[in-house]
Structure formats: C-alpha cells, structure tokens
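J.: The structure under discussion is supplied below as structure tokens; questions concerning it will follow.
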Amino acid sequence: MKVALIGVGQAGGNVTERLARFDANMGFEAVQGALAVNSAEADLQSLQFVDTQLIGADRVNGHGVGADNELGTDVMQSDVQQVLDDLDGRVTSRSEAIVVVAGLGGGTGSGGAPVLVHHLQQIHDIPIYALGILPGRNEGALYQANAGRSLKTLLREADSTLLIDNDAWHEQGESIESAFETINERIAKRVGLLFAAGEAVNGVGESSVTSKTSRTSGGAAAASVVDSSEVINTLRAGGVAALGYASEVASEDSSENITNTMSVARQALLTGTSLPDATTADSALLVIAGQPDAIPRKGVERARRWLEDETGSMQVRGGDFPLDSDRLGALVLLGGAERSDRIEAFMERAREANDAQESEPTDHAEVFADDRLENLF
Ligand code: GDP
C-alpha cells in the first residue's frame, strides 16, 4: 500500500521517522513521502529522515503547546493550510492512503491530528487513517483525558484509527526512554511490513508468485499474495484497528510449518497485538510472511479459520507476503475492534480523569470565601 505519512507532535514525528527509515532500508518503497509537523522546534531538530514543518510559531514561538491539546487544536486550525501545501508532491496519484501519526496523550499531536485528518478528508478521495499512540496506564490523568478526547474525535474523522498501546510493545521494567526506542522500532517494523505487504505483487514477491502458483497442484488452493486492497477492505469497517505480529524460525519440514503457521498466527493475535486483549473484530486480515516454499496452504487456511472463530468475524481475509527470510511471520490486522476490554478500561480512565479535571474548583480562594478567619492583609 503506497502511503504518505504525516507525523504530528513528538511521538508522531519520531514514529514517522522510524517508519520512513525502515521502509527505505528494506527497499519496500511503500512510504512515498513523510512529513513531521510540530509546534516545538527542538523536537523537529532531532529528526533527520523526514521533512519538517513548524506550526504555531506566532502563538507559541517554537516552544510547543505543553500538554494543552485544545491549544494543539487551535494551532493546527490556524496553520493547516501551510501543512496541506507542504503535502503537495508527497501525496501523488499513486498514493493509496494517507496516515496521520500522533501520540494521543500530549498536546500538539493529540489536538492537532484530528484537525488535520478532518481537512485531509475534504480534499482527498483516498482513505485517511490515523495511527494513534495511547498513553500507558501509569502516564497520569491529564494524558488519559487528552487521549480520550483525541481518540473520540479521531474516530469521528478518520476512516480507521490504528491504536498502539504504549504498554503493549516493550519489556517490563524498561526506562521510559528505552521503552520508546523499543516501541518505535516495533511499530516501524510491524506497521512497515503491513504497508509493504500490499506491495508484494508488484515488488519483492513478483518472481516468487509465478513460481509458487505454477507448483501448486492436486486441488490445493492457489497461493494468494496479499494486495493493498485487502488492507483497505479490512480497514473499511472503520472504528478502531489493531495490529498483531509474531514470528518463528521456519522449518525445513513442510508439515512442521503447518504447525508453525498456526502458532505464529495465535501468538500474533493473543500476545503480540498493539492493543492487548482486543480479539473481537468486524473484520480481519491474516498475512503470512516468509519464503514462498515455507508457507503451507493448509496451515494458512487452518489459521484463517481459527481467526474467524477468535474474532467472531465472517470477514477474515488471508494472503501471503513472499519475503526472503528464514522465518515465518504472521501479521494480524483487525478492523472494527473497539469492543474490547482494553478500550473500555481506557475510556473509563479517560472519563474519570476528565471529570476530575472539570470538578476541580478553579478559584481555590473561593473555598475560604466565607470563612471567619480574616486575611492577614
Ligand atoms: P506532543 O508533542 O505535544 O504531541 O506530545 P507527545 O507526542 O510527546 O505525546 C505524549 C504522549 O506520547 C505520551 O503518551 C508519551 O508517552 C507518548 N510519546 C512521546 N514520545 C514518544 C515516542 O517516541 N514513542 C512512543 N511510543 N510514545 C511517545
């Protein structure tokens, strides 16, 4: 799937840079253009691989909006034309989707991403997706409340919102900086593979497809290489999307690879997903990546049926991603996955945090207004 990426805010910029770099290093050419937008100049300066655009300079003078996401919304609303102009040439007739990337708990990305998605929807016919990073559960009330409001608005504006929970893709006990490194790297690899999976027909997989299909015999289903349209159709359910990934060393033995395929598919959904515990979905896509010879039709079909049972969805697509690797990998993309305990728990945290903010007395002196004690002066 050929995409243009726009990162908004610090997390948005960092993740966009990682994605663009992964795609270039792998030679996939799925990422057609990448731009990072921020109201904090210092955060843009650390990026080397993407073009950058400062917004809100007249309001915050390059110092960022802090964690004030309403200010993030205002700043994007004022400067959105500048951002859209900057996208000229990055969104081309070959682009199949635009992905707006942001951390939902902060200010610039949280407030700015929904505004940008809204405006992109007005001028482009291709799907506009959001890739949103949810704050970890220990990140504090303001981050939870910000993320709740941002997510609600993104769900209204974007064609689908792929969520990455900051608690999901790192090891326990890592410092926050090294956790970000790990998470960003994993996002780049997994989301990068998803974009590239749809490129396989025209790219890496071309020769393998022909040879594999011709070897298929005896009534076995023909190999089907996953195509961009399957990613887009899976996301057509709208709402929340989640992505899972797992891989294992492929075996020389084809019957063992049937078991391996089932095993990576299970791990991808049950323990490797960007939104832990999200298994119920309106639609799903199972992509098995690896050497064409190592991908067993029987295993893929069995895993696809298992995914149907687990997600409760009748719309489970499947496809191969021929890749020159000694491993077998499974990518599981879920569409319409908002009915999960994780999302419920998160929205409850966000609502509580929001209520607590609103019920705080704004004028603390009022509490003492009719006290019999007198002020000193
Ligand atoms: P903004 O610059 O105002 O949009 O704010 P941030 O992008 O820093 O958003 C804050 C949220 O994003 C918090 O939940 C952080 O934990 C998270 N965050 C910040 N930087 C990164 C990063 O590089 N990677 C990841 N995964 N999360 C980040």
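Chain labels A, B, ... are given in the sequence in which chains occur in the structure tokens; within each chain residues are numbered consecutively from 1, and ligands are likewise numbered from 1 in the order shown.
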With only C-alpha atoms and all ligand atoms counted, collect every polymer residue having an atom within 7 Å of ligand 1; state the result as a count of residues only.
T.: 32
J.: Using DSSP assignments from the backbone, pull out every residue in segment 75-314 of chain A that falls under helix (DSSP H, G or I) and give it to me as an MDAnalysis selection string.
T.: chainID A and resid 75:87 108:123 141:157 176:197 206:215 228:235 254:270 292:294 297:311
J.: Kindly assemble as JSON lines a list of the segment 216-263 of chain A residues that lie within 6 Å of segment 325-338 of chain A, each paired with its nearest atom pair and their distance in Å to one decimal, using only C-alpha atoms, sorted first by chain and then by ascending residue number.
T.:
{"residue": "A:Thr234", "atom": "CA", "partner": "A:Gly335", "partner_atom": "CA", "distance": 5.7}
{"residue": "A:Leu235", "atom": "CA", "partner": "A:Gly335", "partner_atom": "CA", "distance": 5.1}
{"residue": "A:Ala237", "atom": "CA", "partner": "A:Gly336", "partner_atom": "CA", "distance": 5.3}
{"residue": "A:Gly238", "atom": "CA", "partner": "A:Gly336", "partner_atom": "CA", "distance": 5.7}
{"residue": "A:Gly239", "atom": "CA", "partner": "A:Gly336", "partner_atom": "CA", "distance": 5.0}
{"residue": "A:Val240", "atom": "CA", "partner": "A:Glu338", "partner_atom": "CA", "distance": 5.2}
{"residue": "A:Ala241", "atom": "CA", "partner": "A:Gly335", "partner_atom": "CA", "distance": 4.6}
{"residue": "A:Ala242", "atom": "CA", "partner": "A:Leu334", "partner_atom": "CA", "distance": 5.2}
{"residue": "A:Leu243", "atom": "CA", "partner": "A:Leu333", "partner_atom": "CA", "distance": 4.6}
{"residue": "A:Gly244", "atom": "CA", "partner": "A:Val332", "partner_atom": "CA", "distance": 4.9}
{"residue": "A:Tyr245", "atom": "CA", "partner": "A:Leu331", "partner_atom": "CA", "distance": 4.6}
{"residue": "A:Ala246", "atom": "CA", "partner": "A:Ala330", "partner_atom": "CA", "distance": 5.5}
{"residue": "A:Ser247", "atom": "CA", "partner": "A:Gly329", "partner_atom": "CA", "distance": 4.0}
{"residue": "A:Glu248", "atom": "CA", "partner": "A:Arg327", "partner_atom": "CA", "distance": 5.4}
{"residue": "A:Val249", "atom": "CA", "partner": "A:Arg327", "partner_atom": "CA", "distance": 4.2}
{"residue": "A:Ala250", "atom": "CA", "partner": "A:Arg327", "partner_atom": "CA", "distance": 4.7}
J.: Using only N, CA and C atoms, please write the residues we just selected to a file, as a JSON list (two decimals), in the first residue's frame.
T.:
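Result file is again-v7.json:
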[["chain", "number", "residue", "atom", "x", "y", "z"],
["A", 234, "THR", "N", -10.13, -4.42, 4.81],
["A", 234, "THR", "CA", -10.19, -4.81, 6.23],
["A", 234, "THR", "C", -10.42, -3.57, 7.10],
["A", 235, "LEU", "N", -9.81, -2.46, 6.71],
["A", 235, "LEU", "CA", -9.97, -1.23, 7.50],
["A", 235, "LEU", "C", -11.28, -0.52, 7.20],
["A", 237, "ALA", "N", -14.10, -1.35, 7.83],
["A", 237, "ALA", "CA", -15.01, -1.46, 8.97],
["A", 237, "ALA", "C", -15.00, -0.16, 9.78],
["A", 238, "GLY", "N", -13.94, 0.64, 9.67],
["A", 238, "GLY", "CA", -13.86, 1.89, 10.41],
["A", 238, "GLY", "C", -13.55, 1.62, 11.88],
["A", 239, "GLY", "N", -13.77, 2.62, 12.71],
["A", 239, "GLY", "CA", -13.54, 2.47, 14.15],
["A", 239, "GLY", "C", -12.08, 2.24, 14.49],
["A", 240, "VAL", "N", -11.88, 1.38, 15.48],
["A", 240, "VAL", "CA", -10.52, 1.12, 15.97],
["A", 240, "VAL", "C", -9.92, -0.07, 15.23],
["A", 241, "ALA", "N", -8.67, 0.05, 14.84],
["A", 241, "ALA", "CA", -7.95, -1.09, 14.27],
["A", 241, "ALA", "C", -6.81, -1.45, 15.21],
["A", 242, "ALA", "N", -6.40, -2.72, 15.17],
["A", 242, "ALA", "CA", -5.26, -3.17, 15.96],
["A", 242, "ALA", "C", -4.41, -4.08, 15.09],
["A", 243, "LEU", "N", -3.12, -4.16, 15.42],
["A", 243, "LEU", "CA", -2.20, -4.95, 14.61],
["A", 243, "LEU", "C", -1.41, -5.89, 15.50],
["A", 244, "GLY", "N", -1.34, -7.16, 15.12],
["A", 244, "GLY", "CA", -0.56, -8.11, 15.90],
["A", 244, "GLY", "C", 0.54, -8.70, 15.03],
["A", 245, "TYR", "N", 1.63, -9.13, 15.68],
["A", 245, "TYR", "CA", 2.73, -9.71, 14.91],
["A", 245, "TYR", "C", 3.46, -10.75, 15.75],
["A", 246, "ALA", "N", 3.89, -11.82, 15.11],
["A", 246, "ALA", "CA", 4.78, -12.79, 15.76],
["A", 246, "ALA", "C", 5.54, -13.53, 14.67],
["A", 247, "SER", "N", 6.72, -14.04, 15.01],
["A", 247, "SER", "CA", 7.46, -14.83, 14.01],
["A", 247, "SER", "C", 8.24, -15.95, 14.69],
["A", 248, "GLU", "N", 8.56, -16.96, 13.89],
["A", 248, "GLU", "CA", 9.36, -18.11, 14.37],
["A", 248, "GLU", "C", 10.28, -18.54, 13.24],
["A", 249, "VAL", "N", 11.35, -19.23, 13.59],
["A", 249, "VAL", "CA", 12.23, -19.76, 12.54],
["A", 249, "VAL", "C", 11.44, -20.81, 11.75],
["A", 250, "ALA", "N", 11.51, -20.71, 10.43],
["A", 250, "ALA", "CA", 10.78, -21.67, 9.58],
["A", 250, "ALA", "C", 11.51, -23.01, 9.60]]
J.: As a PyMOL selection string, please: the residues near segment 257-267 of chain A (cut-off 6 Å, only C-alpha atoms, same-chain neighbours under 2 positions excluded).
T.: chain A and resi 246-247+251+254-255+269-272+296+299+303+330
J.: Go ahead and write the residues just picked, N, CA and C atoms, as a tab-separated table (two decimals), in the first residue's frame.
T.:
chain	number	residue	atom	x	y	z
A	246	ALA	N	3.89	-11.82	15.11
A	246	ALA	CA	4.78	-12.79	15.76
A	246	ALA	C	5.54	-13.53	14.67
A	247	SER	N	6.72	-14.04	15.01
A	247	SER	CA	7.46	-14.83	14.01
A	247	SER	C	8.24	-15.95	14.69
A	251	SER	N	10.74	-24.07	9.41
A	251	SER	CA	11.33	-25.41	9.41
A	251	SER	C	11.62	-25.87	7.98
A	254	SER	N	7.79	-29.43	5.77
A	254	SER	CA	6.59	-28.67	5.44
A	254	SER	C	5.44	-28.95	6.41
A	255	SER	N	5.38	-30.17	6.96
A	255	SER	CA	4.26	-30.40	7.89
A	255	SER	C	4.51	-29.65	9.20
A	269	LEU	N	-2.13	-12.76	17.47
A	269	LEU	CA	-3.41	-12.23	17.96
A	269	LEU	C	-3.46	-12.20	19.49
A	270	LEU	N	-2.96	-13.24	20.12
A	270	LEU	CA	-3.21	-13.37	21.56
A	270	LEU	C	-2.17	-12.68	22.42
A	271	THR	N	-0.92	-12.60	21.95
A	271	THR	CA	0.09	-11.95	22.80
A	271	THR	C	0.88	-10.86	22.08
A	272	GLY	N	0.74	-10.75	20.77
A	272	GLY	CA	1.60	-9.81	20.06
A	272	GLY	C	0.88	-8.60	19.52
A	296	PRO	N	2.81	-22.93	4.08
A	296	PRO	CA	1.94	-24.06	3.72
A	296	PRO	C	0.49	-23.62	3.55
A	299	GLY	N	-1.77	-24.80	6.33
A	299	GLY	CA	-1.57	-24.07	7.59
A	299	GLY	C	-2.23	-22.70	7.54
A	303	ALA	N	-5.23	-21.52	9.95
A	303	ALA	CA	-5.05	-20.33	10.80
A	303	ALA	C	-6.13	-19.29	10.51
A	330	ALA	N	3.64	-13.84	11.15
A	330	ALA	CA	2.20	-13.60	10.96
A	330	ALA	C	1.87	-12.18	11.37
J.: Between A:Ser160, A:Arg339, A:Arg149, A:Asp88, which has the minimum distance to Asp68 of chain A (counting only C-alpha atoms)?
T.: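 Comparing A:Ser160, A:Arg339, A:Arg149, A:Asp88 against Asp68 of chain A, the winner is A:Arg149.
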J.: Would you give me, as a list in words, the residues in segment 69-232 of chain A that DSSP reads as strand (DSSP E or B)?
T.: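 For segment 69-232 of chain A, the strand (DSSP E or B) set is Asp88, Val91, Ala97, Ile98, Val99, Val100, Val101, Ala102, Gly103, Ile128, Tyr129, Ala130, Leu131, Gly132, Ile133, Leu134, Ser160, Thr161, Leu162, Leu163, Ile164, Asp165 and Val225 of chain A.
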J.: What's the 12 Å shell around Leu120 of chain A, counting only C-alpha atoms, without same-chain residues fewer than 5 positions away, as a PyMOL selection string?
T.: chain A and resi 4+6+80-81+83-85+87-88+91+97-100+113-115+125-130+157-159
J.: Would you export the selected residues with N, CA and C atoms as a PDB file, in the first residue's frame, please?
T.:
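Heads up, here's the output in again_5.pdb:
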ATOM      1  N   ALA A   4       1.366   8.103   2.159  1.00  0.00           N
ATOM      2  CA  ALA A   4       2.058   9.316   2.579  1.00  0.00           C
ATOM      3  C   ALA A   4       1.845   9.409   4.085  1.00  0.00           C
ATOM      4  N   ILE A   6       2.173  11.568   7.757  1.00  0.00           N
ATOM      5  CA  ILE A   6       2.369  12.857   8.420  1.00  0.00           C
ATOM      6  C   ILE A   6       2.377  12.618   9.924  1.00  0.00           C
ATOM      7  N   VAL A  80      -3.253  25.006   9.230  1.00  0.00           N
ATOM      8  CA  VAL A  80      -3.469  23.769   8.481  1.00  0.00           C
ATOM      9  C   VAL A  80      -3.186  23.945   6.982  1.00  0.00           C
ATOM     10  N   GLN A  81      -3.461  25.133   6.460  1.00  0.00           N
ATOM     11  CA  GLN A  81      -3.235  25.350   5.028  1.00  0.00           C
ATOM     12  C   GLN A  81      -1.764  25.170   4.667  1.00  0.00           C
ATOM     13  N   VAL A  83       0.321  23.263   6.181  1.00  0.00           N
ATOM     14  CA  VAL A  83       0.641  21.832   6.213  1.00  0.00           C
ATOM     15  C   VAL A  83       0.137  21.157   4.938  1.00  0.00           C
ATOM     16  N   LEU A  84      -1.081  21.510   4.515  1.00  0.00           N
ATOM     17  CA  LEU A  84      -1.639  20.910   3.299  1.00  0.00           C
ATOM     18  C   LEU A  84      -0.791  21.288   2.081  1.00  0.00           C
ATOM     19  N   ASP A  85      -0.323  22.535   2.045  1.00  0.00           N
ATOM     20  CA  ASP A  85       0.548  22.971   0.936  1.00  0.00           C
ATOM     21  C   ASP A  85       1.835  22.154   0.924  1.00  0.00           C
ATOM     22  N   LEU A  87       2.221  19.211   1.755  1.00  0.00           N
ATOM     23  CA  LEU A  87       1.980  17.825   1.320  1.00  0.00           C
ATOM     24  C   LEU A  87       1.954  17.691  -0.194  1.00  0.00           C
ATOM     25  N   ASP A  88       1.855  18.811  -0.867  1.00  0.00           N
ATOM     26  CA  ASP A  88       1.871  18.800  -2.336  1.00  0.00           C
ATOM     27  C   ASP A  88       3.103  18.062  -2.826  1.00  0.00           C
ATOM     28  N   VAL A  91       1.710  13.587  -1.584  1.00  0.00           N
ATOM     29  CA  VAL A  91       0.538  12.767  -1.908  1.00  0.00           C
ATOM     30  C   VAL A  91       0.409  12.836  -3.430  1.00  0.00           C
ATOM     31  N   ALA A  97      -3.269   5.713   0.415  1.00  0.00           N
ATOM     32  CA  ALA A  97      -3.806   6.148   1.711  1.00  0.00           C
ATOM     33  C   ALA A  97      -2.876   7.209   2.291  1.00  0.00           C
ATOM     34  N   ILE A  98      -3.447   8.025   3.188  1.00  0.00           N
ATOM     35  CA  ILE A  98      -2.633   8.967   3.963  1.00  0.00           C
ATOM     36  C   ILE A  98      -2.762   8.544   5.419  1.00  0.00           C
ATOM     37  N   VAL A  99      -1.642   8.496   6.110  1.00  0.00           N
ATOM     38  CA  VAL A  99      -1.671   8.070   7.515  1.00  0.00           C
ATOM     39  C   VAL A  99      -1.146   9.211   8.386  1.00  0.00           C
ATOM     40  N   VAL A 100      -1.992   9.664   9.306  1.00  0.00           N
ATOM     41  CA  VAL A 100      -1.598  10.717  10.242  1.00  0.00           C
ATOM     42  C   VAL A 100      -1.212  10.039  11.557  1.00  0.00           C
ATOM     43  N   ALA A 113      -3.849  16.292  15.377  1.00  0.00           N
ATOM     44  CA  ALA A 113      -4.084  15.201  14.421  1.00  0.00           C
ATOM     45  C   ALA A 113      -5.546  15.138  13.948  1.00  0.00           C
ATOM     46  N   PRO A 114      -6.532  15.236  14.868  1.00  0.00           N
ATOM     47  CA  PRO A 114      -7.922  15.160  14.389  1.00  0.00           C
ATOM     48  C   PRO A 114      -8.278  16.301  13.429  1.00  0.00           C
ATOM     49  N   VAL A 115      -7.728  17.490  13.673  1.00  0.00           N
ATOM     50  CA  VAL A 115      -7.995  18.627  12.785  1.00  0.00           C
ATOM     51  C   VAL A 115      -7.413  18.350  11.398  1.00  0.00           C
ATOM     52  N   ASP A 125      -9.572  11.789  -1.978  1.00  0.00           N
ATOM     53  CA  ASP A 125     -10.532  10.687  -2.112  1.00  0.00           C
ATOM     54  C   ASP A 125     -10.024   9.386  -1.514  1.00  0.00           C
ATOM     55  N   ILE A 126      -8.714   9.297  -1.305  1.00  0.00           N
ATOM     56  CA  ILE A 126      -8.164   8.060  -0.738  1.00  0.00           C
ATOM     57  C   ILE A 126      -8.437   8.036   0.775  1.00  0.00           C
ATOM     58  N   PRO A 127      -8.410   6.829   1.387  1.00  0.00           N
ATOM     59  CA  PRO A 127      -8.668   6.758   2.834  1.00  0.00           C
ATOM     60  C   PRO A 127      -7.648   7.568   3.636  1.00  0.00           C
ATOM     61  N   ILE A 128      -8.143   8.188   4.683  1.00  0.00           N
ATOM     62  CA  ILE A 128      -7.265   8.908   5.621  1.00  0.00           C
ATOM     63  C   ILE A 128      -7.308   8.135   6.935  1.00  0.00           C
ATOM     64  N   TYR A 129      -6.191   7.511   7.280  1.00  0.00           N
ATOM     65  CA  TYR A 129      -6.113   6.719   8.501  1.00  0.00           C
ATOM     66  C   TYR A 129      -5.348   7.490   9.574  1.00  0.00           C
ATOM     67  N   ALA A 130      -5.652   7.142  10.825  1.00  0.00           N
ATOM     68  CA  ALA A 130      -4.839   7.675  11.917  1.00  0.00           C
ATOM     69  C   ALA A 130      -4.089   6.512  12.552  1.00  0.00           C
ATOM     70  N   GLU A 157     -13.478  11.329  12.651  1.00  0.00           N
ATOM     71  CA  GLU A 157     -12.912  11.919  11.428  1.00  0.00           C
ATOM     72  C   GLU A 157     -12.193  10.923  10.507  1.00  0.00           C
ATOM     73  N   ALA A 158     -11.482   9.968  11.087  1.00  0.00           N
ATOM     74  CA  ALA A 158     -10.605   9.111  10.264  1.00  0.00           C
ATOM     75  C   ALA A 158     -11.378   7.916   9.709  1.00  0.00           C
ATOM     76  N   ASP A 159     -10.900   7.355   8.617  1.00  0.00           N
ATOM     77  CA  ASP A 159     -11.541   6.165   8.055  1.00  0.00           C
ATOM     78  C   ASP A 159     -11.299   4.952   8.941  1.00  0.00           C
TER      79      ASP A 159
END
J.: Using only C-alpha atoms, can you tell me which of A:Leu35, A:Leu285, A:Ile55, A:Leu71 comes closest to Ala197 of chain A?
T.: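 Using only C-alpha atoms, the shortest distance to Ala197 of chain A belongs to A:Leu285.
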J.: Could you name the residues that touch Glu352 of chain A at 10 Å or less, counting only C-alpha atoms, but leaving out those on the same chain fewer than 6 positions away, as a ChimeraX atom specification?
T.: /A:141,144-145,346,358
